[in-house]
$ cat upload-v8.csv   # CSV, N, CA and C atoms
chain,number,residue,atom,x,y,z
A,13,MET,N,116.8,38.4,53.5
A,13,MET,CA,116.8,39.7,52.9
A,13,MET,C,116.5,39.5,51.4
A,14,ALA,N,115.7,40.4,50.9
A,14,ALA,CA,115.2,40.3,49.5
A,14,ALA,C,116.4,40.4,48.6
A,15,ILE,N,116.3,39.7,47.5
A,15,ILE,CA,117.4,39.8,46.5
A,15,ILE,C,117.7,41.2,46.0
A,16,ARG,N,116.6,42.0,45.8
A,16,ARG,CA,116.8,43.3,45.3
A,16,ARG,C,117.6,44.2,46.3
A,17,LYS,N,117.4,44.0,47.5
A,17,LYS,CA,118.1,44.8,48.6
A,17,LYS,C,119.6,44.3,48.6
A,18,ARG,N,119.8,43.0,48.5
A,18,ARG,CA,121.1,42.5,48.5
A,18,ARG,C,121.9,43.0,47.3
A,19,LEU,N,121.3,43.1,46.2
A,19,LEU,CA,121.9,43.6,45.0
A,19,LEU,C,122.3,45.1,45.1
A,20,LYS,N,121.4,45.8,45.8
A,20,LYS,CA,121.7,47.2,46.1
A,20,LYS,C,122.9,47.4,47.0
A,21,LEU,N,123.0,46.5,48.0
A,21,LEU,CA,124.1,46.5,48.9
A,21,LEU,C,125.4,46.1,48.2
A,22,ASP,N,125.3,45.1,47.4
A,22,ASP,CA,126.5,44.7,46.6
A,22,ASP,C,127.0,45.8,45.7
A,23,ARG,N,126.1,46.5,45.1
A,23,ARG,CA,126.4,47.7,44.2
A,23,ARG,C,127.2,48.7,45.0
A,24,ILE,N,126.7,49.0,46.2
A,24,ILE,CA,127.3,50.1,47.0
A,24,ILE,C,128.7,49.6,47.4
A,25,ILE,N,128.9,48.4,47.9
A,25,ILE,CA,130.2,47.9,48.3
A,25,ILE,C,131.2,47.8,47.1
A,26,GLN,N,130.7,47.3,46.0
A,26,GLN,CA,131.5,47.3,44.8
A,26,GLN,C,131.9,48.7,44.4
A,27,GLY,N,131.0,49.6,44.5
A,27,GLY,CA,131.2,51.0,44.1
A,27,GLY,C,132.3,51.6,44.9
A,28,LEU,N,132.4,51.3,46.2
A,28,LEU,CA,133.5,51.8,47.1
A,28,LEU,C,134.8,51.5,46.5
A,29,ARG,N,135.0,50.3,46.1
A,29,ARG,CA,136.3,49.8,45.6
A,29,ARG,C,136.5,50.4,44.2
A,30,ARG,N,135.5,50.4,43.3
A,30,ARG,CA,135.6,50.8,42.0
A,30,ARG,C,135.9,52.3,41.9
A,31,ASP,N,135.2,53.1,42.7
A,31,ASP,CA,135.2,54.5,42.6
A,31,ASP,C,136.4,55.2,43.3
A,32,ASP,N,137.0,54.5,44.3
A,32,ASP,CA,138.0,55.1,45.1
A,32,ASP,C,139.3,54.2,45.0
A,33,PRO,N,140.3,54.7,44.3
A,33,PRO,CA,141.5,53.8,44.1
A,33,PRO,C,142.2,53.5,45.4
A,34,GLU,N,141.9,54.3,46.4
A,34,GLU,CA,142.6,54.0,47.7
A,34,GLU,C,141.9,52.8,48.5
A,35,VAL,N,140.7,52.4,48.1
A,35,VAL,CA,140.0,51.3,48.7
A,35,VAL,C,140.5,50.0,48.2
A,36,LEU,N,141.1,49.2,49.0
A,36,LEU,CA,141.6,47.9,48.6
A,36,LEU,C,140.5,46.9,48.6
A,37,ASN,N,139.7,46.8,49.7
A,37,ASN,CA,138.6,45.9,49.9
A,37,ASN,C,137.6,46.5,50.9
A,38,ALA,N,136.4,45.9,50.8
A,38,ALA,CA,135.3,46.3,51.8
A,38,ALA,C,134.5,45.1,52.1
A,39,VAL,N,134.0,45.0,53.3
A,39,VAL,CA,133.1,43.9,53.8
A,39,VAL,C,132.0,44.6,54.6
A,40,LEU,N,130.8,44.3,54.2
A,40,LEU,CA,129.6,44.7,55.0
A,40,LEU,C,129.2,43.5,55.8
A,41,ALA,N,129.0,43.6,57.1
A,41,ALA,CA,128.7,42.5,57.9
A,41,ALA,C,127.6,42.9,59.0
A,42,THR,N,127.0,41.9,59.6
A,42,THR,CA,126.1,42.1,60.7
A,42,THR,C,127.0,42.4,61.9
A,43,PRO,N,126.5,43.0,63.0
A,43,PRO,CA,127.3,43.2,64.2
A,43,PRO,C,127.9,41.9,64.8
A,44,ASP,N,127.3,40.8,64.5
A,44,ASP,CA,127.8,39.5,65.0
A,44,ASP,C,128.8,38.8,64.0
A,45,GLY,N,129.1,39.5,62.9
A,45,GLY,CA,130.1,39.0,62.0
A,45,GLY,C,129.7,38.2,60.8
A,46,LEU,N,128.4,38.2,60.5
A,46,LEU,CA,127.9,37.5,59.3
A,46,LEU,C,128.1,38.4,58.1
A,47,VAL,N,128.7,37.9,57.0
A,47,VAL,CA,129.0,38.7,55.8
A,47,VAL,C,127.6,38.9,55.1
A,48,ILE,N,127.4,40.2,54.7
A,48,ILE,CA,126.3,40.6,53.9
A,48,ILE,C,126.7,40.8,52.5
A,49,ALA,N,127.9,41.5,52.3
A,49,ALA,CA,128.4,41.8,51.0
A,49,ALA,C,129.9,42.0,51.1
A,50,HIS,N,130.7,41.8,50.1
A,50,HIS,CA,132.1,42.0,50.2
A,50,HIS,C,132.8,42.1,48.8
A,51,THR,N,134.0,42.6,48.8
A,51,THR,CA,134.8,42.7,47.5
A,51,THR,C,136.0,41.9,47.6
A,52,LEU,N,136.2,41.1,48.6
A,52,LEU,CA,137.4,40.3,48.7
A,52,LEU,C,137.4,39.1,47.7
A,53,ALA,N,138.6,38.6,47.5
A,53,ALA,CA,138.8,37.5,46.5
A,53,ALA,C,138.1,36.2,46.9
A,54,SER,N,138.0,36.0,48.2
A,54,SER,CA,137.4,34.7,48.7
A,54,SER,C,136.3,35.0,49.8
A,55,VAL,N,135.4,34.1,49.8
A,55,VAL,CA,134.4,34.2,50.9
A,55,VAL,C,135.1,34.0,52.3
A,56,GLU,N,136.0,33.1,52.3
A,56,GLU,CA,136.7,32.9,53.6
A,56,GLU,C,137.4,34.1,54.1
A,57,ALA,N,138.1,34.9,53.2
A,57,ALA,CA,138.7,36.1,53.6
A,57,ALA,C,137.7,37.1,54.1
A,58,ALA,N,136.6,37.2,53.4
A,58,ALA,CA,135.5,38.1,53.9
A,58,ALA,C,135.0,37.7,55.2
A,59,ARG,N,134.8,36.4,55.5
A,59,ARG,CA,134.3,35.9,56.8
A,59,ARG,C,135.3,36.3,57.9
A,60,GLN,N,136.6,36.1,57.6
A,60,GLN,CA,137.6,36.4,58.6
A,60,GLN,C,137.6,37.9,58.9
A,61,LEU,N,137.5,38.8,57.9
A,61,LEU,CA,137.5,40.2,58.2
A,61,LEU,C,136.2,40.6,58.9
A,62,ALA,N,135.1,40.0,58.5
A,62,ALA,CA,133.8,40.3,59.2
A,62,ALA,C,133.8,39.9,60.7
A,63,ALA,N,134.4,38.7,60.9
A,63,ALA,CA,134.5,38.2,62.3
A,63,ALA,C,135.4,39.1,63.1
A,64,SER,N,136.5,39.5,62.5
A,64,SER,CA,137.4,40.5,63.2
A,64,SER,C,136.8,41.8,63.5
A,65,ALA,N,136.0,42.3,62.5
A,65,ALA,CA,135.3,43.6,62.7
A,65,ALA,C,134.3,43.5,63.8
A,66,ALA,N,133.6,42.4,63.9
A,66,ALA,CA,132.6,42.2,64.9
A,66,ALA,C,133.3,42.1,66.3
A,67,ALA,N,134.4,41.4,66.4
A,67,ALA,CA,135.1,41.3,67.6
A,67,ALA,C,135.6,42.7,68.1
A,68,LEU,N,136.2,43.4,67.1
A,68,LEU,CA,136.7,44.8,67.5
A,68,LEU,C,135.5,45.7,67.9
A,69,LEU,N,134.4,45.6,67.2
A,69,LEU,CA,133.2,46.4,67.6
A,69,LEU,C,132.8,46.1,69.0
A,70,ALA,N,132.8,44.8,69.4
A,70,ALA,CA,132.4,44.3,70.7
A,70,ALA,C,133.4,44.9,71.8
A,71,LEU,N,134.6,44.8,71.5
A,71,LEU,CA,135.7,45.3,72.4
A,71,LEU,C,135.5,46.8,72.6
A,72,VAL,N,135.4,47.6,71.5
A,72,VAL,CA,135.3,49.0,71.6
A,72,VAL,C,134.0,49.4,72.3
A,73,SER,N,132.9,48.7,72.0
A,73,SER,CA,131.6,49.0,72.6
A,73,SER,C,131.7,48.8,74.1
A,74,ARG,N,132.4,47.7,74.5
A,74,ARG,CA,132.5,47.4,76.0
A,74,ARG,C,133.3,48.5,76.6
A,75,ALA,N,134.4,48.9,76.0
A,75,ALA,CA,135.3,50.0,76.6
A,75,ALA,C,134.5,51.3,76.7
A,76,ASN,N,133.8,51.6,75.6
A,76,ASN,CA,132.9,52.8,75.6
A,76,ASN,C,131.9,52.8,76.7
A,77,HIS,N,131.3,51.7,76.9
A,77,HIS,CA,130.3,51.5,78.0
A,77,HIS,C,130.9,51.7,79.3
A,78,LYS,N,132.1,51.1,79.6
A,78,LYS,CA,132.8,51.2,80.8
A,78,LYS,C,133.1,52.7,81.1
A,79,LEU,N,133.4,53.4,80.1
A,79,LEU,CA,133.8,54.8,80.2
A,79,LEU,C,132.6,55.8,80.2
A,80,GLY,N,131.4,55.2,80.0
A,80,GLY,CA,130.2,56.1,80.0
A,80,GLY,C,130.0,56.8,78.7
A,81,HIS,N,130.5,56.3,77.6
A,81,HIS,CA,130.3,56.8,76.3
A,81,HIS,C,129.3,56.0,75.5
A,82,GLY,N,128.8,56.6,74.4
A,82,GLY,CA,127.8,55.9,73.6
A,82,GLY,C,128.5,54.9,72.7
A,83,ALA,N,127.7,54.3,71.8
A,83,ALA,CA,128.1,53.3,70.9
A,83,ALA,C,129.1,53.9,69.9
A,84,PRO,N,130.1,53.2,69.5
A,84,PRO,CA,131.1,53.7,68.5
A,84,PRO,C,130.4,53.8,67.1
A,85,ARG,N,130.8,54.9,66.4
A,85,ARG,CA,130.3,55.1,65.1
A,85,ARG,C,131.4,54.8,64.0
A,86,GLU,N,132.6,55.1,64.4
A,86,GLU,CA,133.7,54.8,63.4
A,86,GLU,C,135.0,54.4,64.3
A,87,ILE,N,135.7,53.4,63.7
A,87,ILE,CA,136.9,53.0,64.3
A,87,ILE,C,138.0,53.0,63.3
A,88,PHE,N,139.2,53.6,63.6
A,88,PHE,CA,140.3,53.8,62.7
A,88,PHE,C,141.5,53.0,63.2
A,89,VAL,N,142.1,52.2,62.4
A,89,VAL,CA,143.3,51.5,62.7
A,89,VAL,C,144.3,51.6,61.6
A,90,GLU,N,145.5,52.2,62.0
A,90,GLU,CA,146.5,52.4,61.0
A,90,GLU,C,147.7,51.5,61.4
A,91,ASN,N,148.2,50.7,60.4
A,91,ASN,CA,149.3,49.9,60.6
A,91,ASN,C,150.3,50.1,59.5
A,92,THR,N,151.3,49.2,59.5
A,92,THR,CA,152.4,49.5,58.5
A,92,THR,C,152.0,49.1,57.1
A,93,GLY,N,151.1,48.3,56.9
A,93,GLY,CA,150.7,47.9,55.5
A,93,GLY,C,149.5,48.5,54.9
A,94,ASN,N,148.6,49.0,55.8
A,94,ASN,CA,147.4,49.6,55.3
A,94,ASN,C,146.6,50.3,56.4
A,95,ILE,N,145.5,50.8,56.1
A,95,ILE,CA,144.6,51.4,57.1
A,95,ILE,C,143.3,50.6,57.1
A,96,LEU,N,142.8,50.3,58.2
A,96,LEU,CA,141.5,49.7,58.4
A,96,LEU,C,140.5,50.7,58.9
A,97,TYR,N,139.4,50.9,58.3
A,97,TYR,CA,138.4,51.9,58.8
A,97,TYR,C,137.1,51.1,58.9
A,98,PHE,N,136.5,51.3,60.1
A,98,PHE,CA,135.2,50.6,60.4
A,98,PHE,C,134.1,51.6,60.6
A,99,PHE,N,133.0,51.5,59.9
A,99,PHE,CA,131.9,52.3,60.1
A,99,PHE,C,130.8,51.4,60.8
A,100,CYS,N,130.3,51.9,62.0
A,100,CYS,CA,129.4,51.1,62.8
A,100,CYS,C,128.1,51.7,62.8
A,101,THR,N,127.1,50.9,62.5
A,101,THR,CA,125.7,51.3,62.6
A,101,THR,C,125.0,50.3,63.6
A,102,GLY,N,123.8,50.5,63.9
A,102,GLY,CA,123.2,49.6,64.8
A,102,GLY,C,122.9,48.2,64.1
A,103,SER,N,122.8,48.2,62.8
A,103,SER,CA,122.5,47.0,62.1
A,103,SER,C,123.6,46.4,61.2
A,104,SER,N,124.8,47.1,61.2
A,104,SER,CA,125.9,46.6,60.3
A,104,SER,C,127.2,47.2,60.7
A,105,ILE,N,128.2,46.6,60.2
A,105,ILE,CA,129.6,47.1,60.2
A,105,ILE,C,130.1,47.1,58.8
A,106,LEU,N,130.7,48.2,58.4
A,106,LEU,CA,131.3,48.3,57.1
A,106,LEU,C,132.8,48.4,57.4
A,107,ALA,N,133.6,47.4,57.0
A,107,ALA,CA,135.0,47.3,57.2
A,107,ALA,C,135.7,47.6,55.9
A,108,VAL,N,136.5,48.6,55.8
A,108,VAL,CA,137.2,49.0,54.6
A,108,VAL,C,138.7,49.0,54.8
A,109,THR,N,139.4,48.3,53.9
A,109,THR,CA,140.9,48.3,53.9
A,109,THR,C,141.3,49.3,52.9
A,110,LEU,N,142.2,50.3,53.3
A,110,LEU,CA,142.7,51.4,52.5
A,110,LEU,C,144.2,51.3,52.3
A,111,ARG,N,144.6,51.8,51.3
A,111,ARG,CA,146.1,51.9,51.0
A,111,ARG,C,146.7,52.8,52.1
A,112,PRO,N,148.0,52.6,52.5
A,112,PRO,CA,148.6,53.5,53.4
A,112,PRO,C,148.7,54.9,52.8
A,113,HIS,N,148.6,55.9,53.7
A,113,HIS,CA,148.7,57.3,53.2
A,113,HIS,C,147.5,57.8,52.5
A,114,THR,N,146.4,57.1,52.7
A,114,THR,CA,145.1,57.5,52.0
A,114,THR,C,144.7,58.9,52.6
A,115,GLU,N,144.2,59.8,51.7
A,115,GLU,CA,143.7,61.0,52.2
A,115,GLU,C,142.3,60.8,52.8
A,116,LEU,N,142.3,60.7,54.1
A,116,LEU,CA,141.1,60.3,54.8
A,116,LEU,C,139.9,61.2,54.7
A,117,GLU,N,140.1,62.5,54.6
A,117,GLU,CA,139.0,63.4,54.5
A,117,GLU,C,138.2,63.1,53.2
A,118,ARG,N,138.8,62.9,52.1
A,118,ARG,CA,138.1,62.5,50.9
A,118,ARG,C,137.4,61.2,51.0
A,119,PHE,N,138.1,60.2,51.5
A,119,PHE,CA,137.5,58.9,51.7
A,119,PHE,C,136.3,58.9,52.7
A,120,LEU,N,136.5,59.6,53.8
A,120,LEU,CA,135.4,59.7,54.8
A,120,LEU,C,134.1,60.3,54.2
A,121,GLU,N,134.3,61.3,53.4
A,121,GLU,CA,133.1,61.9,52.8
A,121,GLU,C,132.3,60.8,51.9
A,122,TYR,N,133.1,60.1,51.1
A,122,TYR,CA,132.5,59.1,50.3
A,122,TYR,C,132.0,57.9,51.1
A,123,GLY,N,132.8,57.5,52.1
A,123,GLY,CA,132.4,56.3,53.0
A,123,GLY,C,131.2,56.6,53.8
A,124,ARG,N,131.1,57.8,54.4
A,124,ARG,CA,129.9,58.1,55.2
A,124,ARG,C,128.7,58.2,54.3
A,125,ALA,N,128.8,58.7,53.1
A,125,ALA,CA,127.6,58.7,52.2
A,125,ALA,C,127.1,57.3,51.9
A,126,ALA,N,128.1,56.4,51.7
A,126,ALA,CA,127.8,55.0,51.5
A,126,ALA,C,127.1,54.3,52.7
A,127,VAL,N,127.6,54.7,53.9
A,127,VAL,CA,127.0,54.1,55.1
A,127,VAL,C,125.6,54.6,55.3
A,128,LYS,N,125.3,55.8,55.0
A,128,LYS,CA,123.9,56.4,55.0
A,128,LYS,C,123.0,55.6,54.1
A,129,GLU,N,123.5,55.3,52.9
A,129,GLU,CA,122.7,54.6,51.9
A,129,GLU,C,122.5,53.1,52.4
A,130,ILE,N,123.5,52.5,52.9
A,130,ILE,CA,123.4,51.1,53.5
A,130,ILE,C,122.5,51.1,54.6
A,131,SER,N,122.6,52.0,55.6
A,131,SER,CA,121.7,52.1,56.7
A,131,SER,C,120.2,52.2,56.3
A,132,SER,N,120.0,53.0,55.3
A,132,SER,CA,118.6,53.2,54.9
A,132,SER,C,118.0,51.9,54.3
A,133,ILE,N,118.8,51.2,53.5
A,133,ILE,CA,118.4,49.9,52.9
A,133,ILE,C,118.2,48.9,54.0
A,134,LEU,N,119.1,48.8,55.0
A,134,LEU,CA,119.0,47.8,56.0
A,134,LEU,C,117.9,48.1,57.0
A,135,GLU,N,117.6,49.3,57.3
A,135,GLU,CA,116.5,49.7,58.2
A,135,GLU,C,115.2,49.4,57.6
A,136,HIS,N,115.1,49.6,56.3
A,136,HIS,CA,113.9,49.3,55.6
A,136,HIS,C,113.7,47.8,55.5
A,137,ALA,N,114.8,47.0,55.3
A,137,ALA,CA,114.7,45.6,55.3
A,137,ALA,C,114.2,45.0,56.6
A,138,ILE,N,114.7,45.6,57.7
A,138,ILE,CA,114.4,45.1,59.1
A,138,ILE,C,113.0,45.4,59.4
A,139,SER,N,112.5,46.6,59.0
A,139,SER,CA,111.1,47.0,59.4
A,139,SER,C,110.1,46.3,58.6
A,140,HIS,N,110.4,45.6,57.5
A,140,HIS,CA,109.4,44.9,56.7
A,140,HIS,C,109.6,43.4,56.7
$ encode --input "upload-v8.csv" --output "structure tokens"
Amino acid sequence: MAIRKRLKLDRIIQGLRRDDPEVLNAVLATPDGLVIAHTLASVEAARQLAASAAALLALVSRANHKLGHGAPREIFVENTGNILYFFCTGSSILAVTLRPHTELERFLEYGRAAVKEISSILEHAISH
């Protein structure tokens, strides 16, 4: 991937965390779990979240297929310590860790806009 495209993706991911105080971290990964961009303190933590996101996407995709549904677009996981929200596109997974009790409507508006921008960049990168 060209450096300019990677810098754009980094800017989007960093912007999620910078612009929304509810966002703790974000990882953009390929569907097979390779990290594209992240905001975590270490690459290892980013790799672990990306691998987990890919595994979850595979599991949900398989369940959807068995039930006769299409590919998942978003996956929501709420636990005692935080919220995990996964945006799934054909070419990427955006995994976002949110503070508990986040106002999801506000976050989703911002997150979905970021995903559209990411998808546009990645689709253009793949087609060239």
$ select_by_dssp --input "upload-v8.csv" --residues "chain A" --states "alpha helix (DSSP H)" --output "count of residues only"
66
$ atom_distance --input "upload-v8.csv" --atom1 "CA of Pro112 in chain A" --atom2 "atom C of Asn37 in chain A"
13.3 Å
$ atom_distance --input "upload-v8.csv" --atom1 "atom N of Glu86 in chain A" --atom2 "atom N of Ala53 in chain A"
24.4 Å
$ closest_atom_pairs --input "upload-v8.csv" --of "range 50-106 of chain A" --to "range 118-133 of chain A" --cutoff "9 Å" --atoms "only C-alpha atoms" --output "CSV"
residue,atom,partner,partner_atom,distance
A:Phe99,CA,A:Val127,CA,7.2
A:Cys100,CA,A:Val127,CA,8.6
A:Thr101,CA,A:Ser131,CA,7.2
A:Gly102,CA,A:Ser131,CA,8.6
A:Ser103,CA,A:Ser131,CA,7.5
A:Ser104,CA,A:Ser131,CA,7.8
A:Leu106,CA,A:Val127,CA,7.5
$ closest_residue --input "upload-v8.csv" --among "A:Leu79, A:Ile25, A:Ile95, A:Leu116" --to "Ala49 in chain A" --atoms "all atoms listed in the file"
A:Ile25
$ closest_residue --input "upload-v8.csv" --among "A:Ser64, A:Ser54, A:Asn91, A:Gln26" --to "Thr42 in chain A" --atoms "only C-alpha atoms"
A:Ser64
$ atom_distance --input "upload-v8.csv" --atom1 "atom N of His50 in chain A" --atom2 "atom N of Val35 in chain A"
14.7 Å
$ closest_residue --input "upload-v8.csv" --among "A:Arg16, A:Pro33, A:Leu96, A:Leu69" --to "Val108 in chain A" --atoms "only N, CA and C atoms"
A:Leu96
$ residues_around --input "upload-v8.csv" --residues "Ala83 in chain A" --least-positions-apart "4" --cutoff "7 Å" --atoms "only N, CA and C atoms" --output "number ranges by chain"
A: 73, 76-77
$ closest_residue --input "upload-v8.csv" --among "A:Ala38, A:Leu52, A:Pro84, A:Ala67" --to "Thr109 in chain A" --atoms "only N, CA and C atoms"
A:Ala38
$ select_by_dssp --input "upload-v8.csv" --residues "range 13-125 of chain A" --states "strand (DSSP E or B)" --output "PyMOL selection string"
chain A and resi 35-41+47-50+86-90+95-100+105-110
$ closest_atom_pairs --input "upload-v8.csv" --of "range 31-51 of chain A" --to "range 56-60 of chain A" --cutoff "9 Å" --atoms "only C-alpha atoms" --output "CSV"
residue,atom,partner,partner_atom,distance
A:Ala38,CA,A:Ala58,CA,8.5
A:Val39,CA,A:Ala58,CA,6.3
A:Leu40,CA,A:Ala58,CA,8.9
A:Ala41,CA,A:Arg59,CA,8.7
A:Gly45,CA,A:Arg59,CA,7.4
A:Leu46,CA,A:Arg59,CA,7.1
A:Val47,CA,A:Arg59,CA,6.1
A:Ala49,CA,A:Ala58,CA,8.5
A:His50,CA,A:Ala58,CA,6.4
A:Thr51,CA,A:Ala58,CA,7.9
$ closest_residue --input "upload-v8.csv" --among "A:Ile24, A:Ile87, A:Ile48, A:Ala107" --to "Ala65 in chain A" --atoms "all atoms listed in the file"
A:Ala107
